[in-house]
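coords.txt (compact mmCIF, N, CA and C atoms)
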# COMPACT_ATOMS: atom_id res chain seq x y z
N MET A 820 6.05 -4.76 17.64
CA MET A 820 5.94 -5.99 16.86
C MET A 820 5.51 -5.63 15.44
N LEU A 821 6.07 -6.30 14.48
CA LEU A 821 5.71 -6.11 13.08
C LEU A 821 4.20 -6.30 12.90
N THR A 822 3.58 -5.42 12.12
CA THR A 822 2.17 -5.56 11.78
C THR A 822 2.07 -6.18 10.39
N VAL A 823 1.23 -7.20 10.26
CA VAL A 823 0.96 -7.82 8.96
C VAL A 823 -0.52 -7.59 8.68
N THR A 824 -0.83 -6.85 7.62
CA THR A 824 -2.22 -6.50 7.33
C THR A 824 -3.03 -7.74 6.95
N ASP A 825 -4.35 -7.60 7.08
CA ASP A 825 -5.24 -8.69 6.67
C ASP A 825 -5.07 -9.01 5.20
N THR A 826 -4.86 -7.98 4.38
CA THR A 826 -4.66 -8.20 2.94
C THR A 826 -3.41 -9.03 2.71
N ALA A 827 -2.32 -8.72 3.41
CA ALA A 827 -1.09 -9.48 3.26
C ALA A 827 -1.27 -10.91 3.75
N ARG A 828 -1.96 -11.09 4.87
CA ARG A 828 -2.20 -12.44 5.40
C ARG A 828 -2.99 -13.29 4.40
N ALA A 829 -4.00 -12.69 3.81
CA ALA A 829 -4.81 -13.43 2.82
C ALA A 829 -3.97 -13.82 1.61
N GLU A 830 -3.14 -12.91 1.15
CA GLU A 830 -2.29 -13.21 -0.02
C GLU A 830 -1.23 -14.25 0.33
N LEU A 831 -0.66 -14.17 1.53
CA LEU A 831 0.31 -15.18 1.96
C LEU A 831 -0.33 -16.56 1.99
N LYS A 832 -1.58 -16.64 2.43
CA LYS A 832 -2.29 -17.93 2.43
C LYS A 832 -2.46 -18.44 1.01
N LYS A 833 -2.79 -17.56 0.07
CA LYS A 833 -2.91 -17.96 -1.34
C LYS A 833 -1.58 -18.50 -1.87
N VAL A 834 -0.49 -17.80 -1.53
CA VAL A 834 0.83 -18.22 -1.98
C VAL A 834 1.18 -19.59 -1.41
N ALA A 835 0.97 -19.77 -0.11
CA ALA A 835 1.28 -21.05 0.53
C ALA A 835 0.43 -22.17 -0.05
N ASP A 836 -0.85 -21.92 -0.25
CA ASP A 836 -1.74 -22.94 -0.83
C ASP A 836 -1.31 -23.30 -2.25
N ALA A 837 -0.93 -22.31 -3.03
CA ALA A 837 -0.50 -22.55 -4.42
C ALA A 837 0.79 -23.35 -4.47
N ARG A 838 1.64 -23.17 -3.48
CA ARG A 838 2.93 -23.89 -3.43
C ARG A 838 2.78 -25.31 -2.90
N ALA A 839 1.62 -25.63 -2.32
CA ALA A 839 1.39 -26.96 -1.74
C ALA A 839 2.59 -27.38 -0.88
N LEU A 840 2.88 -26.57 0.12
CA LEU A 840 4.04 -26.79 0.97
C LEU A 840 3.97 -28.12 1.70
N GLU A 841 5.10 -28.76 1.85
CA GLU A 841 5.19 -30.01 2.58
C GLU A 841 4.87 -29.76 4.05
N PRO A 842 4.40 -30.77 4.77
CA PRO A 842 4.12 -30.60 6.20
C PRO A 842 5.36 -30.06 6.93
N GLY A 843 5.12 -29.10 7.81
CA GLY A 843 6.21 -28.51 8.57
C GLY A 843 6.91 -27.36 7.87
N ARG A 844 6.58 -27.11 6.62
CA ARG A 844 7.19 -26.01 5.86
C ARG A 844 6.19 -24.85 5.80
N LEU A 845 6.72 -23.64 5.85
CA LEU A 845 5.87 -22.45 5.79
C LEU A 845 6.65 -21.27 5.28
N LEU A 846 5.97 -20.16 5.15
CA LEU A 846 6.60 -18.94 4.63
C LEU A 846 7.21 -18.15 5.77
N ARG A 847 8.40 -17.61 5.52
CA ARG A 847 9.12 -16.82 6.52
C ARG A 847 9.53 -15.48 5.91
N LEU A 848 9.30 -14.40 6.65
CA LEU A 848 9.86 -13.12 6.27
C LEU A 848 11.30 -13.14 6.76
N ALA A 849 12.24 -13.02 5.84
CA ALA A 849 13.65 -13.18 6.17
C ALA A 849 14.46 -11.96 5.76
N VAL A 850 15.51 -11.73 6.53
CA VAL A 850 16.49 -10.69 6.24
C VAL A 850 17.85 -11.38 6.13
N PRO A 851 18.85 -10.70 5.57
CA PRO A 851 20.18 -11.33 5.50
C PRO A 851 20.67 -11.74 6.89
N PRO A 852 21.34 -12.84 7.03
CA PRO A 852 21.91 -13.69 5.98
C PRO A 852 20.95 -14.76 5.45
N VAL A 853 19.77 -14.95 6.09
CA VAL A 853 18.83 -15.96 5.59
C VAL A 853 18.34 -15.56 4.20
N TRP A 854 18.00 -14.30 4.03
CA TRP A 854 17.58 -13.79 2.72
C TRP A 854 18.82 -13.48 1.90
N THR A 855 18.95 -14.10 0.75
CA THR A 855 20.13 -13.90 -0.10
C THR A 855 19.77 -13.25 -1.44
N GLY A 856 18.52 -12.89 -1.61
CA GLY A 856 18.09 -12.27 -2.86
C GLY A 856 18.34 -10.78 -2.86
N GLN A 857 17.79 -10.12 -3.85
CA GLN A 857 17.94 -8.67 -3.97
C GLN A 857 17.12 -7.99 -2.89
N GLY A 858 17.57 -6.84 -2.47
CA GLY A 858 16.84 -6.07 -1.48
C GLY A 858 17.20 -6.45 -0.05
N ASP A 859 16.52 -5.80 0.87
CA ASP A 859 16.82 -5.98 2.29
C ASP A 859 16.04 -7.10 2.95
N TRP A 860 15.03 -7.63 2.28
CA TRP A 860 14.21 -8.67 2.87
C TRP A 860 13.52 -9.46 1.77
N GLY A 861 12.96 -10.60 2.15
CA GLY A 861 12.21 -11.42 1.22
C GLY A 861 11.42 -12.47 1.96
N ILE A 862 10.65 -13.22 1.23
CA ILE A 862 9.84 -14.29 1.82
C ILE A 862 10.38 -15.61 1.28
N VAL A 863 10.73 -16.50 2.19
CA VAL A 863 11.32 -17.79 1.84
C VAL A 863 10.49 -18.92 2.44
N ILE A 864 10.71 -20.13 1.94
CA ILE A 864 10.08 -21.32 2.51
C ILE A 864 11.05 -21.89 3.53
N ASP A 865 10.55 -22.15 4.73
CA ASP A 865 11.41 -22.58 5.83
C ASP A 865 10.60 -23.40 6.82
N GLN A 866 11.25 -23.75 7.92
CA GLN A 866 10.58 -24.43 9.03
C GLN A 866 10.42 -23.44 10.17
N ARG A 867 9.46 -23.71 11.03
CA ARG A 867 9.24 -22.83 12.18
C ARG A 867 10.32 -23.08 13.22
N GLY A 868 10.85 -21.99 13.78
CA GLY A 868 11.84 -22.07 14.85
C GLY A 868 11.20 -21.80 16.19
N ALA A 869 11.89 -22.18 17.25
CA ALA A 869 11.37 -22.04 18.61
C ALA A 869 11.12 -20.58 18.99
N ALA A 870 11.90 -19.67 18.44
CA ALA A 870 11.78 -18.25 18.81
C ALA A 870 11.06 -17.43 17.75
N ASP A 871 10.21 -18.07 16.95
CA ASP A 871 9.51 -17.36 15.89
C ASP A 871 8.19 -16.78 16.38
N VAL A 872 7.80 -15.69 15.75
CA VAL A 872 6.49 -15.10 15.91
C VAL A 872 5.68 -15.57 14.70
N ALA A 873 4.45 -16.03 14.95
CA ALA A 873 3.62 -16.55 13.86
C ALA A 873 2.44 -15.63 13.60
N TYR A 874 2.06 -15.54 12.33
CA TYR A 874 0.90 -14.77 11.90
C TYR A 874 -0.04 -15.73 11.18
N ALA A 875 -1.33 -15.64 11.49
CA ALA A 875 -2.30 -16.59 10.97
C ALA A 875 -3.37 -15.89 10.14
N HIS A 876 -4.02 -16.69 9.30
CA HIS A 876 -5.18 -16.26 8.51
C HIS A 876 -6.09 -17.46 8.35
N ASP A 877 -7.35 -17.29 8.68
CA ASP A 877 -8.33 -18.37 8.60
C ASP A 877 -7.85 -19.62 9.34
N GLY A 878 -7.24 -19.43 10.50
CA GLY A 878 -6.83 -20.56 11.34
C GLY A 878 -5.55 -21.25 10.93
N ALA A 879 -4.89 -20.76 9.89
CA ALA A 879 -3.64 -21.38 9.42
C ALA A 879 -2.49 -20.39 9.57
N THR A 880 -1.34 -20.88 10.00
CA THR A 880 -0.15 -20.04 10.06
C THR A 880 0.28 -19.73 8.63
N VAL A 881 0.37 -18.44 8.32
CA VAL A 881 0.71 -18.04 6.96
C VAL A 881 2.09 -17.41 6.86
N LEU A 882 2.68 -17.04 8.02
CA LEU A 882 3.99 -16.40 8.01
C LEU A 882 4.62 -16.52 9.38
N VAL A 883 5.93 -16.73 9.40
CA VAL A 883 6.69 -16.65 10.64
C VAL A 883 7.84 -15.68 10.44
N ILE A 884 8.33 -15.16 11.55
CA ILE A 884 9.47 -14.25 11.53
C ILE A 884 10.20 -14.42 12.85
N GLU A 885 11.51 -14.35 12.81
CA GLU A 885 12.28 -14.47 14.04
C GLU A 885 11.88 -13.35 15.00
N GLN A 886 11.76 -13.68 16.28
CA GLN A 886 11.36 -12.70 17.29
C GLN A 886 12.24 -11.45 17.25
N GLU A 887 13.53 -11.63 17.13
CA GLU A 887 14.46 -10.50 17.09
C GLU A 887 14.19 -9.59 15.90
N VAL A 888 13.90 -10.18 14.75
CA VAL A 888 13.61 -9.38 13.55
C VAL A 888 12.26 -8.68 13.72
N ALA A 889 11.28 -9.39 14.27
CA ALA A 889 9.96 -8.79 14.50
C ALA A 889 10.07 -7.59 15.43
N ASN A 890 10.89 -7.71 16.46
CA ASN A 890 11.08 -6.60 17.39
C ASN A 890 11.78 -5.42 16.70
N ALA A 891 12.77 -5.71 15.86
CA ALA A 891 13.48 -4.66 15.15
C ALA A 891 12.56 -3.92 14.17
N LEU A 892 11.52 -4.62 13.72
CA LEU A 892 10.56 -4.04 12.79
C LEU A 892 9.27 -3.62 13.51
N ALA A 893 9.39 -3.24 14.76
CA ALA A 893 8.24 -2.94 15.61
C ALA A 893 7.29 -1.92 15.00
N ASN A 894 7.80 -0.97 14.26
CA ASN A 894 6.94 0.06 13.68
C ASN A 894 6.70 -0.15 12.19
N ALA A 895 6.99 -1.34 11.70
CA ALA A 895 6.85 -1.63 10.28
C ALA A 895 5.52 -2.33 9.98
N VAL A 896 5.10 -2.22 8.72
CA VAL A 896 3.86 -2.84 8.27
C VAL A 896 4.14 -3.62 6.99
N LEU A 897 3.86 -4.93 7.03
CA LEU A 897 3.93 -5.77 5.83
C LEU A 897 2.54 -5.76 5.21
N ASP A 898 2.47 -5.37 3.96
CA ASP A 898 1.19 -5.26 3.28
C ASP A 898 1.31 -5.88 1.89
N TYR A 899 0.17 -6.12 1.26
CA TYR A 899 0.14 -6.56 -0.14
C TYR A 899 -0.63 -5.49 -0.88
N LYS A 900 0.06 -4.78 -1.76
CA LYS A 900 -0.55 -3.64 -2.45
C LYS A 900 -0.84 -3.98 -3.90
N THR A 901 -2.00 -3.52 -4.34
CA THR A 901 -2.39 -3.72 -5.74
C THR A 901 -2.58 -2.39 -6.46
N SER A 902 -2.67 -1.30 -5.71
CA SER A 902 -2.81 0.01 -6.35
C SER A 902 -1.67 0.91 -5.89
N GLY A 903 -1.28 1.81 -6.77
CA GLY A 903 -0.21 2.73 -6.47
C GLY A 903 1.18 2.13 -6.64
N VAL A 904 1.25 0.91 -7.17
CA VAL A 904 2.53 0.25 -7.45
C VAL A 904 2.50 -0.26 -8.88
N PRO A 905 3.66 -0.44 -9.51
CA PRO A 905 3.68 -0.90 -10.91
C PRO A 905 3.01 -2.25 -11.13
N SER A 906 3.11 -3.14 -10.13
CA SER A 906 2.45 -4.44 -10.20
C SER A 906 2.17 -4.90 -8.77
N PRO A 907 1.20 -5.79 -8.58
CA PRO A 907 0.88 -6.23 -7.21
C PRO A 907 2.12 -6.79 -6.53
N ARG A 908 2.30 -6.44 -5.25
CA ARG A 908 3.50 -6.89 -4.54
C ARG A 908 3.36 -6.72 -3.04
N PHE A 909 4.17 -7.49 -2.32
CA PHE A 909 4.31 -7.29 -0.89
C PHE A 909 5.19 -6.08 -0.66
N THR A 910 4.83 -5.26 0.31
CA THR A 910 5.64 -4.11 0.67
C THR A 910 5.90 -4.13 2.17
N LEU A 911 7.04 -3.59 2.56
CA LEU A 911 7.38 -3.47 3.97
C LEU A 911 7.65 -1.99 4.22
N ASP A 912 6.70 -1.34 4.85
CA ASP A 912 6.83 0.08 5.16
C ASP A 912 7.35 0.21 6.58
N VAL A 913 8.51 0.86 6.71
CA VAL A 913 9.14 1.03 8.01
C VAL A 913 8.95 2.47 8.44
N TYR A 914 8.39 2.64 9.63
CA TYR A 914 8.11 3.99 10.16
C TYR A 914 9.00 4.30 11.34

Using structure tokens, write down the structure that the file contains.
Amino acid sequence: MLTVTDTARAELKKVADARALEPGRLLRLAVPPVWTGQGDWGIVIDQRGAADVAYAHDGATVLVIEQEVANALANAVLDYKTSGVPSPRFTLDVY
């Protein structure tokens, strides 16, 4: 199962709070075809699906991901890095 670090969970909560998401809307780690931006993955605003895995921080769901994608990323780590990168960003390290 994908690992989401505490640092990433805290930052995802900040992002969701800043966006003032409508009820039922949340952040999703998405891959193509849901993700249409640059790169292999991204975070989008979506609704929770029946087969989603949820990640929480301070009692609130901060991220969902499709079960199939979470399983495919079983050895991956989603993190939020502030050092060692040109600017603060979410990273997905696949091992």

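With only C-alpha atoms as the atoms that count, the residue of A:Leu911, A:Val850, A:Ala891, A:Ala875 with the shortest distance to Lys832 in chain A is A:Ala875.
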
_Best match for closeness to Val853 in chain A among A:Leu897, A:Phe909, A:Met820, A:Ile884, counting only C-alpha atoms_ =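 Distance minimum relative to Val853 in chain A lands on A:Ile884.
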
*Which residues, written as a PyMOL selection string, have at least one atom at most 10 Å from Leu831 in chain A, with only C-alpha atoms counted and residues fewer than 2 positions away on the same chain left out?*
chain A and resi 825-829+833-837+845-846+862+874-876+880-882+899+909

*asked:* Which of chain A end up as alpha helix (DSSP H) when DSSP is run on this backbone - answer as a PyMOL selection string?
replied: chain A and resi 825-838+886-891

Just need the box for range 873-881 of chain A, edges along x, y and z, holding every atom the file lists for it with 4 Å tacked onto each side, so centre and edge lengths in Å to one decimal, as JSON.
{"center_x": -1.9, "center_y": -18.1, "center_z": 10.9, "size_x": 20.8, "size_y": 14.6, "size_z": 16.1}

_Would you compute the distance between CA of Gln886 in chain A and CA of Pro842 in chain A? Give it in Å to one decimal._
22.3 Å

_atom C of Leu821 in chain A to atom C of Ala889 in chain A, straight-line distance in Å_ = 6.5 Å

*Which value, in Å to one decimal, gives the distance between atom C of Ser906 in chain A and atom N of Trp860 in chain A?*
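Answer for the atom C of Ser906 in chain A to atom N of Trp860 in chain A separation: 17.2 Å.
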
*Find, counting only N, CA and C atoms, the residue in A:Val913, A:Val883, A:Ala893, A:Ala849 that gets nearest to Gly868 in chain A.*
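Residue with the minimum atom-to-atom distance to Gly868 in chain A: A:Val883.
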
Please, could N, CA, C and O atoms be added to range 843-867 of chain A and the result written as an mmCIF file, in the frame of the given file?
data_model
loop_
_atom_site.group_PDB
_atom_site.id
_atom_site.type_symbol
_atom_site.label_atom_id
_atom_site.label_comp_id
_atom_site.auth_asym_id
_atom_site.auth_seq_id
_atom_site.Cartn_x
_atom_site.Cartn_y
_atom_site.Cartn_z
ATOM 1 N N GLY A 843 5.120 -29.100 7.810
ATOM 2 C CA GLY A 843 6.210 -28.510 8.570
ATOM 3 C C GLY A 843 6.910 -27.360 7.870
ATOM 4 O O GLY A 843 7.767 -26.697 8.452
ATOM 5 N N ARG A 844 6.580 -27.110 6.620
ATOM 6 C CA ARG A 844 7.190 -26.010 5.860
ATOM 7 C C ARG A 844 6.190 -24.850 5.800
ATOM 8 O O ARG A 844 4.988 -25.056 5.720
ATOM 9 N N LEU A 845 6.720 -23.640 5.850
ATOM 10 C CA LEU A 845 5.870 -22.450 5.790
ATOM 11 C C LEU A 845 6.650 -21.270 5.280
ATOM 12 O O LEU A 845 7.831 -21.370 4.986
ATOM 13 N N LEU A 846 5.970 -20.160 5.150
ATOM 14 C CA LEU A 846 6.600 -18.940 4.630
ATOM 15 C C LEU A 846 7.210 -18.150 5.770
ATOM 16 O O LEU A 846 6.631 -18.041 6.850
ATOM 17 N N ARG A 847 8.400 -17.610 5.520
ATOM 18 C CA ARG A 847 9.120 -16.820 6.520
ATOM 19 C C ARG A 847 9.530 -15.480 5.910
ATOM 20 O O ARG A 847 10.047 -15.435 4.789
ATOM 21 N N LEU A 848 9.300 -14.400 6.650
ATOM 22 C CA LEU A 848 9.860 -13.120 6.270
ATOM 23 C C LEU A 848 11.300 -13.140 6.760
ATOM 24 O O LEU A 848 11.551 -13.314 7.952
ATOM 25 N N ALA A 849 12.240 -13.020 5.840
ATOM 26 C CA ALA A 849 13.650 -13.180 6.170
ATOM 27 C C ALA A 849 14.460 -11.960 5.760
ATOM 28 O O ALA A 849 14.131 -11.266 4.801
ATOM 29 N N VAL A 850 15.510 -11.730 6.530
ATOM 30 C CA VAL A 850 16.490 -10.690 6.240
ATOM 31 C C VAL A 850 17.850 -11.380 6.130
ATOM 32 O O VAL A 850 18.002 -12.522 6.541
ATOM 33 N N PRO A 851 18.850 -10.700 5.570
ATOM 34 C CA PRO A 851 20.180 -11.330 5.500
ATOM 35 C C PRO A 851 20.670 -11.740 6.890
ATOM 36 O O PRO A 851 20.361 -11.050 7.860
ATOM 37 N N PRO A 852 21.340 -12.840 7.030
ATOM 38 C CA PRO A 852 21.910 -13.690 5.980
ATOM 39 C C PRO A 852 20.950 -14.760 5.450
ATOM 40 O O PRO A 852 21.265 -15.425 4.476
ATOM 41 N N VAL A 853 19.770 -14.950 6.090
ATOM 42 C CA VAL A 853 18.830 -15.960 5.590
ATOM 43 C C VAL A 853 18.340 -15.560 4.200
ATOM 44 O O VAL A 853 18.277 -16.387 3.299
ATOM 45 N N TRP A 854 18.000 -14.300 4.030
ATOM 46 C CA TRP A 854 17.580 -13.790 2.720
ATOM 47 C C TRP A 854 18.820 -13.480 1.900
ATOM 48 O O TRP A 854 19.649 -12.666 2.308
ATOM 49 N N THR A 855 18.950 -14.100 0.750
ATOM 50 C CA THR A 855 20.130 -13.900 -0.100
ATOM 51 C C THR A 855 19.770 -13.250 -1.440
ATOM 52 O O THR A 855 20.635 -13.095 -2.297
ATOM 53 N N GLY A 856 18.520 -12.890 -1.610
ATOM 54 C CA GLY A 856 18.090 -12.270 -2.860
ATOM 55 C C GLY A 856 18.340 -10.780 -2.860
ATOM 56 O O GLY A 856 19.018 -10.236 -1.990
ATOM 57 N N GLN A 857 17.790 -10.120 -3.850
ATOM 58 C CA GLN A 857 17.940 -8.670 -3.970
ATOM 59 C C GLN A 857 17.120 -7.990 -2.890
ATOM 60 O O GLN A 857 16.086 -8.486 -2.447
ATOM 61 N N GLY A 858 17.570 -6.840 -2.470
ATOM 62 C CA GLY A 858 16.840 -6.070 -1.480
ATOM 63 C C GLY A 858 17.200 -6.450 -0.050
ATOM 64 O O GLY A 858 18.063 -7.302 0.188
ATOM 65 N N ASP A 859 16.520 -5.800 0.870
ATOM 66 C CA ASP A 859 16.820 -5.980 2.290
ATOM 67 C C ASP A 859 16.040 -7.100 2.950
ATOM 68 O O ASP A 859 16.311 -7.462 4.089
ATOM 69 N N TRP A 860 15.030 -7.630 2.280
ATOM 70 C CA TRP A 860 14.210 -8.670 2.870
ATOM 71 C C TRP A 860 13.520 -9.460 1.770
ATOM 72 O O TRP A 860 13.470 -9.038 0.611
ATOM 73 N N GLY A 861 12.960 -10.600 2.150
ATOM 74 C CA GLY A 861 12.210 -11.420 1.220
ATOM 75 C C GLY A 861 11.420 -12.470 1.960
ATOM 76 O O GLY A 861 11.510 -12.593 3.189
ATOM 77 N N ILE A 862 10.650 -13.220 1.230
ATOM 78 C CA ILE A 862 9.840 -14.290 1.820
ATOM 79 C C ILE A 862 10.380 -15.610 1.280
ATOM 80 O O ILE A 862 10.486 -15.792 0.065
ATOM 81 N N VAL A 863 10.730 -16.500 2.190
ATOM 82 C CA VAL A 863 11.320 -17.790 1.840
ATOM 83 C C VAL A 863 10.490 -18.920 2.440
ATOM 84 O O VAL A 863 9.677 -18.701 3.336
ATOM 85 N N ILE A 864 10.710 -20.130 1.940
ATOM 86 C CA ILE A 864 10.080 -21.320 2.510
ATOM 87 C C ILE A 864 11.050 -21.890 3.530
ATOM 88 O O ILE A 864 12.230 -22.076 3.241
ATOM 89 N N ASP A 865 10.550 -22.150 4.730
ATOM 90 C CA ASP A 865 11.410 -22.580 5.830
ATOM 91 C C ASP A 865 10.600 -23.400 6.820
ATOM 92 O O ASP A 865 9.429 -23.673 6.602
ATOM 93 N N GLN A 866 11.250 -23.750 7.920
ATOM 94 C CA GLN A 866 10.580 -24.430 9.030
ATOM 95 C C GLN A 866 10.420 -23.440 10.170
ATOM 96 O O GLN A 866 11.171 -22.475 10.276
ATOM 97 N N ARG A 867 9.460 -23.710 11.030
ATOM 98 C CA ARG A 867 9.240 -22.830 12.180
ATOM 99 C C ARG A 867 10.320 -23.080 13.220
ATOM 100 O O ARG A 867 10.656 -24.208 13.533
#
